[in-house]
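Undergrad: Okay, so here is query-v9.cif, and as you'll see once you scroll down, it has mmCIF, C-alpha atoms.
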data_query
loop_
_atom_site.label_atom_id
_atom_site.label_comp_id
_atom_site.auth_asym_id
_atom_site.auth_seq_id
_atom_site.Cartn_x
_atom_site.Cartn_y
_atom_site.Cartn_z
CA MET A 1 -108.22 213.87 16.66
CA VAL A 2 -108.65 211.89 13.49
CA ALA A 3 -105.48 210.19 12.29
CA PRO A 4 -104.47 211.30 8.80
CA ARG A 5 -105.39 208.74 6.17
CA SER A 6 -101.76 207.94 5.38
CA ASP A 7 -101.22 206.66 8.90
CA SER A 8 -103.91 203.99 8.93
CA GLY A 9 -102.62 200.53 9.85
CA GLY A 10 -102.67 199.20 6.28
CA ASN A 11 -100.73 202.14 4.97
CA VAL A 12 -98.13 201.96 7.72
CA ARG A 13 -97.65 198.28 7.05
CA ALA A 14 -97.38 198.75 3.28
CA ARG A 15 -95.00 201.69 3.66
CA THR A 16 -92.78 199.73 6.03
CA LEU A 17 -92.70 196.74 3.69
CA LYS A 18 -91.85 198.96 0.73
CA ALA A 19 -89.04 200.73 2.62
CA ALA A 20 -87.70 197.40 3.87
CA HIS A 21 -87.78 195.93 0.37
CA ASP A 22 -86.00 198.98 -1.10
CA LEU A 23 -83.24 198.89 1.51
CA PHE A 24 -82.72 195.13 1.74
CA THR A 25 -82.49 194.75 -2.04
CA LYS A 26 -80.11 197.71 -2.33
CA GLN A 27 -77.83 197.10 0.67
CA GLY A 28 -78.31 193.46 1.60
CA TYR A 29 -79.62 192.07 4.86
CA GLN A 30 -76.68 192.70 7.17
CA SER A 31 -76.10 196.35 6.27
CA THR A 32 -79.72 197.35 6.73
CA THR A 33 -81.07 198.35 10.17
CA THR A 34 -84.69 198.56 11.32
CA ARG A 35 -83.87 202.13 12.31
CA GLU A 36 -83.12 203.03 8.68
CA ILE A 37 -86.25 201.24 7.55
CA SER A 38 -88.44 203.10 10.04
CA ALA A 39 -86.88 206.44 9.01
CA ARG A 40 -87.43 205.74 5.32
CA ALA A 41 -91.00 204.59 5.91
CA ARG A 42 -91.71 207.53 8.24
CA VAL A 43 -92.95 205.07 10.85
CA ALA A 44 -91.82 204.89 14.48
CA GLU A 45 -89.46 201.96 15.12
CA PRO A 46 -91.70 200.35 17.79
CA THR A 47 -94.53 200.42 15.25
CA VAL A 48 -92.34 198.50 12.83
CA PHE A 49 -91.79 195.82 15.48
CA ARG A 50 -95.50 195.78 16.36
CA HIS A 51 -96.31 194.98 12.75
CA PHE A 52 -93.50 192.55 11.97
CA GLY A 53 -92.03 191.23 15.22
CA SER A 54 -88.35 191.30 14.21
CA LYS A 55 -85.95 192.40 11.52
CA VAL A 56 -85.76 188.88 10.14
CA GLU A 57 -89.55 188.56 9.95
CA LEU A 58 -89.76 191.90 8.18
CA PHE A 59 -87.07 190.70 5.79
CA GLU A 60 -88.92 187.50 4.96
CA ALA A 61 -92.18 189.38 4.47
CA SER A 62 -90.51 191.89 2.15
CA ILE A 63 -89.44 189.04 -0.15
CA LEU A 64 -92.46 186.77 0.20
CA GLU A 65 -95.38 189.19 0.00
CA PRO A 66 -94.47 190.51 -3.48
CA PHE A 67 -93.85 186.92 -4.63
CA ASN A 68 -97.21 185.74 -3.32
CA GLU A 69 -98.89 188.73 -4.97
CA VAL A 70 -97.45 187.77 -8.37
CA VAL A 71 -98.65 184.18 -7.97
CA ASP A 72 -102.07 185.22 -6.61
CA GLU A 73 -102.63 187.76 -9.35
CA TRP A 74 -101.71 185.18 -11.95
CA THR A 75 -103.97 182.43 -10.59
CA ARG A 76 -106.79 185.01 -10.28
CA SER A 77 -106.33 186.09 -13.90
CA TRP A 78 -107.18 182.51 -14.87
CA ALA A 79 -109.96 182.01 -12.34
CA ASP A 80 -111.64 185.29 -13.32
CA MET A 81 -111.79 184.81 -17.07
CA PRO A 82 -110.91 181.26 -18.11
CA THR A 83 -112.66 181.59 -21.47
CA GLU A 84 -111.22 184.92 -22.62
CA ILE A 85 -107.58 184.70 -21.57
CA THR A 86 -105.21 183.09 -24.06
CA LEU A 87 -102.32 180.74 -23.40
CA GLU A 88 -100.02 183.49 -24.73
CA GLU A 89 -101.34 186.01 -22.20
CA LEU A 90 -101.09 183.52 -19.35
CA ALA A 91 -97.49 182.69 -20.21
CA GLU A 92 -96.48 186.31 -20.69
CA ASN A 93 -98.08 187.44 -17.43
CA LEU A 94 -96.33 184.74 -15.45
CA VAL A 95 -92.93 185.27 -17.05
CA ASP A 96 -93.19 189.05 -16.80
CA GLY A 97 -94.31 189.01 -13.15
CA LEU A 98 -91.63 186.58 -12.00
CA TYR A 99 -88.80 188.02 -14.08
CA THR A 100 -89.47 191.55 -12.81
CA LEU A 101 -89.62 190.36 -9.22
CA VAL A 102 -86.46 188.24 -9.39
CA TRP A 103 -84.68 191.13 -11.09
CA GLU A 104 -85.59 193.52 -8.26
CA ASP A 105 -84.60 190.95 -5.65
CA ARG A 106 -81.57 189.50 -7.46
CA ARG A 107 -79.03 190.63 -4.89
CA ILE A 108 -80.92 189.30 -1.92
CA LEU A 109 -81.90 186.08 -3.70
CA ARG A 110 -78.24 185.34 -4.44
CA GLU A 111 -77.47 185.93 -0.75
CA LEU A 112 -80.30 183.58 0.18
CA MET A 113 -79.14 180.85 -2.18
CA VAL A 114 -75.72 180.94 -0.55
CA ALA A 115 -77.31 180.96 2.92
CA ARG A 116 -79.55 178.04 1.92
CA SER A 117 -76.54 175.75 1.63
CA ASP A 118 -74.65 177.13 4.65
CA PRO A 119 -76.19 176.08 7.99
CA GLN A 120 -73.89 178.55 9.79
CA SER A 121 -75.31 181.57 7.97
CA THR A 122 -77.46 184.11 9.84
CA LEU A 123 -79.93 183.84 6.99
CA HIS A 124 -80.03 180.03 6.78
CA GLN A 125 -83.41 179.69 8.52
CA SER A 126 -84.87 182.49 6.41
CA ALA A 127 -83.54 180.88 3.25
CA VAL A 128 -85.12 177.57 4.19
CA ALA A 129 -88.44 179.29 4.98
CA ILE A 130 -88.40 181.38 1.81
CA SER A 131 -87.49 178.51 -0.50
CA ALA A 132 -90.33 176.47 1.03
CA GLN A 133 -92.75 179.34 0.34
CA PHE A 134 -91.50 179.65 -3.23
CA ARG A 135 -92.18 175.96 -3.70
CA GLU A 136 -95.70 176.44 -2.31
CA GLY A 137 -96.19 179.21 -4.86
CA PHE A 138 -94.99 176.96 -7.71
CA CYS A 139 -97.33 174.29 -6.40
CA ALA A 140 -100.23 176.74 -6.85
CA VAL A 141 -98.95 177.52 -10.36
CA LEU A 142 -98.85 173.78 -11.09
CA ASP A 143 -102.45 173.27 -9.92
CA VAL A 144 -103.63 176.11 -12.15
CA GLY A 145 -101.43 174.82 -14.99
CA VAL A 146 -103.12 171.41 -14.83
CA ASP A 147 -106.49 173.17 -14.86
CA ILE A 148 -105.50 175.29 -17.87
CA ALA A 149 -104.21 172.23 -19.73
CA ARG A 150 -107.53 170.45 -19.15
CA ALA A 151 -109.57 173.47 -20.29
CA LYS A 152 -107.45 174.06 -23.39
CA GLU A 153 -107.24 170.33 -24.14
CA LEU A 154 -103.45 170.18 -23.93
CA VAL A 155 -101.52 167.01 -23.25
CA TYR A 156 -99.63 167.90 -20.10
CA VAL A 157 -97.36 164.93 -19.53
CA ASP A 158 -95.22 165.65 -16.48
CA PRO A 159 -96.45 168.80 -14.68
CA PRO A 160 -93.83 168.89 -11.87
CA ALA A 161 -91.02 168.66 -14.45
CA THR A 162 -92.63 171.33 -16.64
CA ILE A 163 -93.07 173.75 -13.75
CA GLY A 164 -89.55 173.03 -12.48
CA ALA A 165 -88.07 173.67 -15.94
CA VAL A 166 -90.09 176.85 -16.50
CA ALA A 167 -89.39 178.28 -13.04
CA SER A 168 -85.68 177.43 -13.41
CA MET A 169 -85.59 179.21 -16.75
CA ILE A 170 -87.22 182.40 -15.48
CA ILE A 171 -85.29 182.62 -12.20
CA GLY A 172 -82.07 181.39 -13.81
CA SER A 173 -82.23 183.92 -16.64
CA VAL A 174 -81.79 186.63 -13.99
CA LEU A 175 -79.76 185.00 -11.21
CA LEU A 176 -77.24 183.16 -13.37
CA GLY A 177 -76.36 186.55 -14.81
CA ASP A 178 -73.53 186.43 -17.28
CA TRP A 179 -72.96 182.66 -17.11
CA ALA A 180 -75.70 181.62 -19.47
CA TYR A 181 -75.62 184.15 -22.32
CA PRO A 182 -73.57 183.73 -25.51
CA ALA A 183 -70.41 185.83 -25.80
CA ASN A 184 -69.99 188.46 -28.53
CA ARG A 185 -73.68 189.39 -28.44
CA ARG A 186 -75.42 192.09 -26.47
CA THR A 187 -77.04 190.33 -23.52
CA PRO A 188 -80.81 190.50 -24.15
CA GLY A 189 -82.73 192.71 -21.73
CA ARG A 190 -86.07 192.21 -20.02
CA THR A 191 -88.36 192.75 -23.02
CA ARG A 192 -86.55 190.29 -25.27
CA MET A 193 -86.16 187.67 -22.54
CA VAL A 194 -89.81 187.86 -21.45
CA ARG A 195 -91.02 187.55 -25.06
CA GLU A 196 -88.65 184.65 -25.78
CA MET A 197 -89.43 182.69 -22.63
CA ALA A 198 -93.21 183.12 -23.05
CA ARG A 199 -92.84 181.83 -26.63
CA LEU A 200 -90.79 178.80 -25.52
CA ILE A 201 -93.35 177.97 -22.83
CA VAL A 202 -96.45 178.30 -25.02
CA ASP A 203 -95.07 176.37 -27.99
CA GLY A 204 -93.15 174.02 -25.71
CA ILE A 205 -96.36 172.96 -23.98
CA ALA A 206 -99.02 173.27 -26.66
CA HIS A 207 -97.77 170.76 -29.23
CA ARG A 208 -97.69 167.46 -27.39
CA HIS A 209 -99.66 164.43 -28.40
CA SER A 210 -100.86 161.65 -26.18
CA MET B 211 -36.41 150.98 -19.59
CA VAL B 212 -39.66 151.59 -21.40
CA ALA B 213 -42.11 153.69 -19.38
CA PRO B 214 -45.35 151.80 -18.77
CA ARG B 215 -48.11 152.96 -21.10
CA SER B 216 -50.16 154.43 -18.27
CA ASP B 217 -47.43 156.99 -17.58
CA SER B 218 -47.35 158.60 -21.01
CA GLY B 219 -47.84 162.40 -20.94
CA GLY B 220 -51.46 162.29 -22.10
CA ASN B 221 -52.42 159.74 -19.48
CA VAL B 222 -50.71 161.63 -16.69
CA ARG B 223 -52.48 164.81 -17.69
CA ALA B 224 -55.86 163.10 -17.97
CA ARG B 225 -55.39 161.28 -14.65
CA THR B 226 -54.42 164.50 -12.92
CA LEU B 227 -57.44 166.34 -14.34
CA LYS B 228 -59.75 163.53 -13.29
CA ALA B 229 -58.35 163.43 -9.74
CA ALA B 230 -58.55 167.23 -9.49
CA HIS B 231 -62.13 167.24 -10.72
CA ASP B 232 -63.14 164.49 -8.26
CA LEU B 233 -61.58 166.28 -5.29
CA PHE B 234 -62.58 169.86 -6.14
CA THR B 235 -66.21 168.90 -6.74
CA LYS B 236 -66.34 166.82 -3.55
CA GLN B 237 -64.43 169.08 -1.14
CA GLY B 238 -64.46 172.52 -2.74
CA TYR B 239 -61.48 174.58 -3.85
CA GLN B 240 -60.05 175.66 -0.50
CA SER B 241 -60.03 172.26 1.18
CA THR B 242 -58.27 170.52 -1.68
CA THR B 243 -54.46 170.50 -1.94
CA THR B 244 -52.29 169.73 -4.95
CA ARG B 245 -50.63 167.14 -2.74
CA GLU B 246 -53.91 165.23 -2.38
CA ILE B 247 -54.53 165.54 -6.09
CA SER B 248 -51.09 164.19 -6.98
CA ALA B 249 -51.56 161.29 -4.54
CA ARG B 250 -54.97 160.41 -5.96
CA ALA B 251 -53.70 160.65 -9.54
CA ARG B 252 -50.55 158.65 -8.69
CA VAL B 253 -48.50 161.45 -10.26
CA ALA B 254 -45.55 163.27 -8.62
CA GLU B 255 -46.48 166.76 -7.41
CA PRO B 256 -43.83 168.53 -9.57
CA THR B 257 -45.30 166.75 -12.60
CA VAL B 258 -48.72 168.19 -11.72
CA PHE B 259 -47.19 171.67 -11.71
CA ARG B 260 -45.31 171.01 -14.96
CA HIS B 261 -48.62 170.18 -16.66
CA PHE B 262 -50.82 172.85 -15.09
CA GLY B 263 -48.64 175.61 -13.64
CA SER B 264 -50.59 176.21 -10.43
CA LYS B 265 -53.45 174.93 -8.30
CA VAL B 266 -55.77 177.60 -9.65
CA GLU B 267 -54.93 176.76 -13.29
CA LEU B 268 -55.56 173.09 -12.59
CA PHE B 269 -58.85 174.04 -10.97
CA GLU B 270 -59.97 176.08 -13.98
CA ALA B 271 -58.94 173.32 -16.39
CA SER B 272 -60.83 170.70 -14.36
CA ILE B 273 -64.06 172.72 -14.83
CA LEU B 274 -63.51 174.02 -18.36
CA GLU B 275 -62.17 170.98 -20.19
CA PRO B 276 -65.22 168.80 -19.52
CA PHE B 277 -67.48 171.75 -20.44
CA ASN B 278 -65.65 172.33 -23.71
CA GLU B 279 -65.81 168.61 -24.46
CA VAL B 280 -69.60 168.63 -24.10
CA VAL B 281 -69.92 171.63 -26.42
CA ASP B 282 -67.40 170.25 -28.95
CA GLU B 283 -69.02 166.84 -29.02
CA TRP B 284 -72.40 168.45 -29.58
CA THR B 285 -71.27 170.74 -32.41
CA ARG B 286 -69.45 167.78 -33.99
CA SER B 287 -72.59 165.63 -33.83
CA TRP B 288 -74.26 168.23 -36.07
CA ALA B 289 -71.26 168.80 -38.36
CA ASP B 290 -70.75 165.04 -38.87
CA MET B 291 -74.29 164.08 -39.85
CA PRO B 292 -76.49 167.10 -40.53
CA THR B 293 -78.95 165.10 -42.61
CA GLU B 294 -79.47 162.13 -40.28
CA ILE B 295 -79.64 163.76 -36.86
CA THR B 296 -83.05 164.94 -35.71
CA LEU B 297 -83.93 168.07 -33.78
CA GLU B 298 -85.05 165.81 -30.93
CA GLU B 299 -81.65 164.10 -30.76
CA LEU B 300 -79.80 167.42 -30.93
CA ALA B 301 -81.87 168.86 -28.10
CA GLU B 302 -81.58 165.75 -25.96
CA ASN B 303 -77.82 165.47 -26.42
CA LEU B 304 -77.28 169.09 -25.46
CA VAL B 305 -79.58 168.99 -22.43
CA ASP B 306 -78.20 165.65 -21.26
CA GLY B 307 -74.56 166.69 -21.65
CA LEU B 308 -74.96 170.01 -19.87
CA TYR B 309 -77.29 168.77 -17.13
CA THR B 310 -74.94 165.90 -16.25
CA LEU B 311 -71.93 168.21 -16.16
CA VAL B 312 -73.61 170.91 -14.07
CA TRP B 313 -74.88 168.22 -11.70
CA GLU B 314 -71.34 166.86 -11.18
CA ASP B 315 -69.96 170.38 -10.71
CA ARG B 316 -72.89 171.85 -8.79
CA ARG B 317 -70.98 172.49 -5.60
CA ILE B 318 -68.08 174.21 -7.27
CA LEU B 319 -70.32 176.17 -9.65
CA ARG B 320 -72.26 177.58 -6.70
CA GLU B 321 -68.95 178.60 -5.10
CA LEU B 322 -67.95 180.24 -8.38
CA MET B 323 -71.21 182.14 -8.71
CA VAL B 324 -70.67 183.61 -5.27
CA ALA B 325 -67.03 184.39 -6.09
CA ARG B 326 -68.11 186.00 -9.37
CA SER B 327 -69.90 188.77 -7.49
CA ASP B 328 -67.29 189.16 -4.73
CA PRO B 329 -64.08 190.87 -5.95
CA GLN B 330 -62.39 189.97 -2.62
CA SER B 331 -62.81 186.24 -3.15
CA THR B 332 -59.77 184.04 -3.88
CA LEU B 333 -61.74 182.58 -6.74
CA HIS B 334 -62.97 185.85 -8.23
CA GLN B 335 -60.51 185.85 -11.16
CA SER B 336 -61.22 182.19 -11.86
CA ALA B 337 -64.95 182.85 -11.77
CA VAL B 338 -64.57 185.70 -14.26
CA ALA B 339 -62.40 183.54 -16.54
CA ILE B 340 -64.72 180.53 -16.30
CA SER B 341 -67.90 182.50 -16.93
CA ALA B 342 -66.26 184.08 -19.99
CA GLN B 343 -65.39 180.60 -21.29
CA PHE B 344 -68.93 179.38 -20.67
CA ARG B 345 -70.19 182.29 -22.71
CA GLU B 346 -67.78 181.39 -25.52
CA GLY B 347 -69.19 177.87 -25.44
CA PHE B 348 -72.77 179.17 -25.64
CA CYS B 349 -71.65 181.36 -28.53
CA ALA B 350 -70.53 178.22 -30.38
CA VAL B 351 -73.90 176.61 -29.54
CA LEU B 352 -75.64 179.71 -30.93
CA ASP B 353 -73.68 179.56 -34.20
CA VAL B 354 -74.56 175.91 -34.67
CA GLY B 355 -78.16 176.65 -33.63
CA VAL B 356 -78.49 179.26 -36.37
CA ASP B 357 -77.05 176.75 -38.83
CA ILE B 358 -79.48 174.03 -37.69
CA ALA B 359 -82.41 176.46 -37.96
CA ARG B 360 -81.43 177.31 -41.53
CA ALA B 361 -81.04 173.65 -42.52
CA LYS B 362 -84.33 172.59 -40.91
CA GLU B 363 -86.12 175.71 -42.20
CA LEU B 364 -87.06 176.96 -38.75
CA VAL B 365 -87.92 180.58 -38.02
CA TYR B 366 -85.32 181.44 -35.39
CA VAL B 367 -86.27 184.93 -34.27
CA ASP B 368 -83.90 186.00 -31.52
CA PRO B 369 -81.03 183.50 -31.17
CA PRO B 370 -79.17 185.17 -28.24
CA ALA B 371 -82.41 185.23 -26.22
CA THR B 372 -83.20 181.62 -27.12
CA ILE B 373 -79.75 180.38 -26.12
CA GLY B 374 -79.81 182.48 -22.93
CA ALA B 375 -83.21 181.06 -21.96
CA VAL B 376 -82.26 177.48 -22.78
CA ALA B 377 -78.89 177.65 -20.99
CA SER B 378 -80.54 179.31 -17.96
CA MET B 379 -83.13 176.55 -17.84
CA ILE B 380 -80.60 173.71 -17.95
CA ILE B 381 -78.09 175.24 -15.52
CA GLY B 382 -80.85 176.67 -13.29
CA SER B 383 -82.69 173.34 -13.06
CA VAL B 384 -79.64 172.01 -11.19
CA LEU B 385 -78.14 175.01 -9.43
CA LEU B 386 -81.35 176.59 -8.16
CA GLY B 387 -81.97 173.30 -6.40
CA ASP B 388 -85.08 173.30 -4.28
CA TRP B 389 -86.17 176.88 -5.09
CA ALA B 390 -87.81 176.19 -8.41
CA TYR B 391 -89.72 172.94 -7.92
CA PRO B 392 -93.35 172.73 -6.79
CA ALA B 393 -93.94 171.64 -3.19
CA ASN B 394 -95.81 168.45 -2.33
CA ARG B 395 -94.42 166.62 -5.36
CA ARG B 396 -91.38 164.43 -5.62
CA THR B 397 -88.67 166.60 -7.22
CA PRO B 398 -88.11 165.18 -10.71
CA GLY B 399 -84.73 163.54 -11.25
CA ARG B 400 -82.34 163.67 -14.18
CA THR B 401 -84.27 161.46 -16.62
CA ARG B 402 -87.54 163.35 -16.25
CA MET B 403 -85.89 166.77 -16.37
CA VAL B 404 -83.78 165.99 -19.43
CA ARG B 405 -86.81 164.62 -21.30
CA GLU B 406 -88.98 167.59 -20.30
CA MET B 407 -86.42 170.26 -21.17
CA ALA B 408 -85.59 168.66 -24.53
CA ARG B 409 -89.34 168.62 -25.31
CA LEU B 410 -89.76 172.28 -24.34
CA ILE B 411 -86.79 173.28 -26.50
CA VAL B 412 -87.82 171.33 -29.60
CA ASP B 413 -91.47 172.37 -29.56
CA GLY B 414 -90.60 175.81 -28.24
CA ILE B 415 -88.39 176.49 -31.27
CA ALA B 416 -89.97 174.47 -34.07
CA HIS B 417 -93.40 176.12 -34.28
CA ARG B 418 -92.68 179.76 -35.07
CA HIS B 419 -93.88 181.53 -38.15
CA SER B 420 -92.28 184.48 -39.88
#
Output the file's structure as C-alpha cells, nothing else.
TA:
Amino acid sequence: MVAPRSDSGGNVRARTLKAAHDLFTKQGYQSTTTREISARARVAEPTVFRHFGSKVELFEASILEPFNEVVDEWTRSWADMPTEITLEELAENLVDGLYTLVWEDRRILRELMVARSDPQSTLHQSAVAISAQFREGFCAVLDVGVDIARAKELVYVDPPATIGAVASMIIGSVLLGDWAYPANRRTPGRTRMVREMARLIVDGIAHRHS
Amino acid sequence: MVAPRSDSGGNVRARTLKAAHDLFTKQGYQSTTTREISARARVAEPTVFRHFGSKVELFEASILEPFNEVVDEWTRSWADMPTEITLEELAENLVDGLYTLVWEDRRILRELMVARSDPQSTLHQSAVAISAQFREGFCAVLDVGVDIARAKELVYVDPPATIGAVASMIIGSVLLGDWAYPANRRTPGRTRMVREMARLIVDGIAHRHS
C-alpha cells in the first residue's frame, strides 16, 4: 500500500511543528501536552517523539525553525540578487520578517525571557539555548550587513552595535508592548511600525561619513 | 534646637527615595523591607510612611521620579536653548539619559514587565500605573519632537511610530539583554550603544522628504 502523500516524513514533521507552534504560542509551554499536539497534527504520539525526541525539543524547534527560516530567507535574498535588491527592500524584508515572527511568538518569548534569568525555571535551559541561537542568527545578519555595506559603499562604523540596536528595536517594539508607546495616541500597528523602522534603519545607516 | 540641615524635609525625602531605589533595584521588590530602607536612609520608619504612604507607593516613586527627571531635563534642554542645541546633542542626551536609567532599573523593570501581564501578581497594579506614566513621558517626548522637527524643518511623518521605535530600541537594548546581540562578538557596552543609537535616530529622522 502506498502511503498517502500527506503522510510522508516531511509533511508529518512540518504538520507537527505547525501544531506545536500554534498550541505553544496560544497556551504557553506548561499547559500544552504532546498528546494535544499529536491530535492537532493528526500524527500518532510516538511519531511525534520519533521526530523530535521530547516535548522540550519540539518546543525549541517550533520557535527556532521559523526564526532560522526568516534569517535564511533574508540572507538568500541578498546572495541571490545583490545588484537588483535595494537597501530599502533589504531593510523592509528583515523588519517585516522579524516583527511578524516576534508578534506570533510574543507570549512564549516573554515566558522565555523570564526563564532566561531564573535558573530554577523548567524552561531555563531552553531559554539559554534559544537565546544563543538567536544570537547566531544575528551574527549571520551582521556578516551579510557588512557585505551589503561594502557593496553599497556605506560607512559601517560599529556593526555589532548597529545590529544590536536594530534587533532590540524590532523585538522590543513587540515585546515591550505598552511601555514604549506615547500615551494619548493610537498605538501604531504592524504596517506603520514596519515602515517606520525600515526607514530609521536605511537612513540611519546610509548617511555616515568616514 | 535647630535641626541639622541634612534632616530638612526635602533631604529626608530625597534620601529615602535614594535608599529605596538602591535596595529595590539590587534585591527586588519582595525582598526589600521599609525597615531596611529607613535604616539605609537614616530616617525613622514612621517618617518614611509619612512621606510615601506605603511600601508600594515608595516603590513606584523610586522608579517614576528618576524617569520623570530624565524626561523633564530633556524637554527643558530644548525649551531653554532651541537655537543653540543641535539634533545630535538632543538625541545623545535622550539616549544617554534613558539608557542609564533603564540599566540601573533593569532588574525591577523586568519584574514589572512580568507583573504587567499577570493580574495575580502583587506588582500588577504598580506595573499598570508605571507603564501608564512611562507612556505619558513618551507623549511629552513626542510633543517636543514635533516641535523640534518644525524648528529644524524636518519632515516628521509618523511621530507616534517614530517615538515607539526609538523608545523600544533604547529600552530593548538593555532589557532584552543577550537576545538581540550578534554571537561571536563582544557585546557592546554603554558608550558604543549610546553613540550608535543616537546616530541611528539623527540620521534616521533627518533625511526624509515630503
Undergrad: At a cut-off of 8 Å, using only C-alpha atoms, what residues contact Thr244 in chain B? Leave out same-chain residues fewer than 6 positions from it and give the result as a list in words.
TA: Glu255, Val258 and Lys265 of chain B
Undergrad: Using only C-alpha atoms, give me every residue within 10 Å of (-65.5, 184.3, -13.4) in file coordinates, as a list in words.
TA: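 Here the neighbourhood of the point contains Asp178 and Trp179 of chain A; Glu270, Leu322, Met323, Val324, Ala325, Arg326, Ser327, Leu333, His334, Gln335, Ser336, Ala337, Val338, Ala339, Ile340, Ser341, Ala342, Gln343 and Phe344 of chain B.
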Undergrad: Between CA of Asp147 in chain A and CA of Gly172 in chain A, what is the distance in Å, rounded to a tenth?
TA: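 These atoms are spaced 25.8 Å apart.
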Undergrad: I'd like to know which of A:Ala14, A:Ser168, A:Pro82, A:Leu23 is closest to Arg150 in chain A, using all atoms listed in the file.
TA: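 The answer is A:Pro82, which sits nearest to Arg150 in chain A.
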Undergrad: Report as JSON, numbers by chain the residues that result from applying the PyMOL selection byres ((chain A) within 6 of (chain B)) to the structure here.
TA: {"A": [131, 135, 136, 138, 139, 161, 164, 167, 168, 169, 172, 173, 179, 180, 181, 182, 183, 188, 193, 200, 203, 204]}
Undergrad: Mind telling me what the PyMOL selection byres ((chain A and resi 100) around 12) catches here, as a list of chain:residue names?
TA: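 Written out, the selection comes to A:Pro66, A:Phe67, A:Val70, A:Glu92, A:Asn93, A:Leu94, A:Val95, A:Asp96, A:Gly97, A:Leu98, A:Tyr99, A:Leu101, A:Val102, A:Trp103, A:Glu104, A:Asp105, A:Arg106, A:Ile170, A:Ile171, A:Ser173, A:Val174, A:Leu175, A:Gly189, A:Arg190, A:Thr191, A:Met193, A:Val194.
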Undergrad: Find the smallest box with edges along x, y and z containing every listed atom of range 111-124 of chain A, then add 3 Å on each side and report centre and edge lengths in Å to one decimal, as lines of an AutoDock Vina configuration file.
TA:
center_x = -77.1
center_y = 180.8
center_z = 3.8
size_x = 12.4
size_y = 16.2
size_z = 18.0
Undergrad: Do you know which residues are at most 9 Å from Arg250 in chain B counting only C-alpha atoms, after dropping those on the same chain fewer than 6 positions away, and could you put them as a ChimeraX atom specification?
TA: /B:225-226,229-230,233
Undergrad: Could you check how far CA of Ser62 in chain A sits from CA of Leu17 in chain A, in Å to one decimal?
TA: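 Atom-to-atom, CA of Ser62 in chain A to CA of Leu17 in chain A, that is 5.5 Å.
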Undergrad: One number please: CA of Gln27 in chain A to CA of Leu319 in chain B, in Å, one decimal.
TA: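 Interatomic distance here is 24.5 Å.
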Undergrad: Give the answer as one residue: which of A:Arg35, A:Thr25, A:Val56, A:Val12 has the shortest atom-to-atom distance to Thr122 in chain A, using only C-alpha atoms?
TA: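 When distances to Thr122 in chain A are compared using only C-alpha atoms, the smallest one comes from A:Val56.
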Undergrad: With all atoms listed in the file as the basis for distance, which of B:Lys228, B:Lys236, B:Glu363, B:Ala271 is at the shortest distance from Ala251 in chain B?
TA: B:Lys228
Undergrad: Export N, CA, C and O atoms of range 97-107 of chain A from the structure just given, as a PDB file, in the first residue's frame?
TA:
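Wrote out18.pdb, looks like this:
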ATOM      1  N   GLY A  97       9.859  40.426   8.429  1.00  0.00           N
ATOM      2  CA  GLY A  97      10.011  39.016   8.814  1.00  0.00           C
ATOM      3  C   GLY A  97      10.136  38.852  10.322  1.00  0.00           C
ATOM      4  O   GLY A  97       9.436  38.043  10.934  1.00  0.00           O
ATOM      5  N   LEU A  98      11.010  39.655  10.929  1.00  0.00           N
ATOM      6  CA  LEU A  98      11.235  39.515  12.373  1.00  0.00           C
ATOM      7  C   LEU A  98      10.035  40.002  13.188  1.00  0.00           C
ATOM      8  O   LEU A  98       9.639  39.358  14.157  1.00  0.00           O
ATOM      9  N   TYR A  99       9.470  41.134  12.788  1.00  0.00           N
ATOM     10  CA  TYR A  99       8.339  41.682  13.543  1.00  0.00           C
ATOM     11  C   TYR A  99       7.184  40.682  13.562  1.00  0.00           C
ATOM     12  O   TYR A  99       6.584  40.414  14.599  1.00  0.00           O
ATOM     13  N   THR A 100       6.870  40.120  12.396  1.00  0.00           N
ATOM     14  CA  THR A 100       5.770  39.166  12.282  1.00  0.00           C
ATOM     15  C   THR A 100       6.008  37.940  13.164  1.00  0.00           C
ATOM     16  O   THR A 100       5.114  37.478  13.881  1.00  0.00           O
ATOM     17  N   LEU A 101       7.232  37.455  13.128  1.00  0.00           N
ATOM     18  CA  LEU A 101       7.596  36.283  13.920  1.00  0.00           C
ATOM     19  C   LEU A 101       7.510  36.560  15.422  1.00  0.00           C
ATOM     20  O   LEU A 101       6.931  35.774  16.183  1.00  0.00           O
ATOM     21  N   VAL A 102       8.082  37.674  15.852  1.00  0.00           N
ATOM     22  CA  VAL A 102       8.076  38.009  17.278  1.00  0.00           C
ATOM     23  C   VAL A 102       6.633  38.248  17.736  1.00  0.00           C
ATOM     24  O   VAL A 102       6.251  37.877  18.840  1.00  0.00           O
ATOM     25  N   TRP A 103       5.823  38.837  16.867  1.00  0.00           N
ATOM     26  CA  TRP A 103       4.425  39.058  17.203  1.00  0.00           C
ATOM     27  C   TRP A 103       3.717  37.725  17.440  1.00  0.00           C
ATOM     28  O   TRP A 103       3.019  37.553  18.450  1.00  0.00           O
ATOM     29  N   GLU A 104       3.894  36.774  16.534  1.00  0.00           N
ATOM     30  CA  GLU A 104       3.276  35.449  16.710  1.00  0.00           C
ATOM     31  C   GLU A 104       3.758  34.785  18.003  1.00  0.00           C
ATOM     32  O   GLU A 104       2.988  34.131  18.693  1.00  0.00           O
ATOM     33  N   ASP A 105       5.029  34.942  18.288  1.00  0.00           N
ATOM     34  CA  ASP A 105       5.642  34.232  19.415  1.00  0.00           C
ATOM     35  C   ASP A 105       5.707  35.076  20.679  1.00  0.00           C
ATOM     36  O   ASP A 105       6.374  34.684  21.642  1.00  0.00           O
ATOM     37  N   ARG A 106       5.027  36.222  20.721  1.00  0.00           N
ATOM     38  CA  ARG A 106       5.258  37.178  21.815  1.00  0.00           C
ATOM     39  C   ARG A 106       5.032  36.569  23.191  1.00  0.00           C
ATOM     40  O   ARG A 106       5.780  36.822  24.122  1.00  0.00           O
ATOM     41  N   ARG A 107       3.998  35.752  23.326  1.00  0.00           N
ATOM     42  CA  ARG A 107       3.690  35.171  24.615  1.00  0.00           C
ATOM     43  C   ARG A 107       4.815  34.260  25.112  1.00  0.00           C
ATOM     44  O   ARG A 107       5.288  34.359  26.243  1.00  0.00           O
TER      45      ARG A 107
END
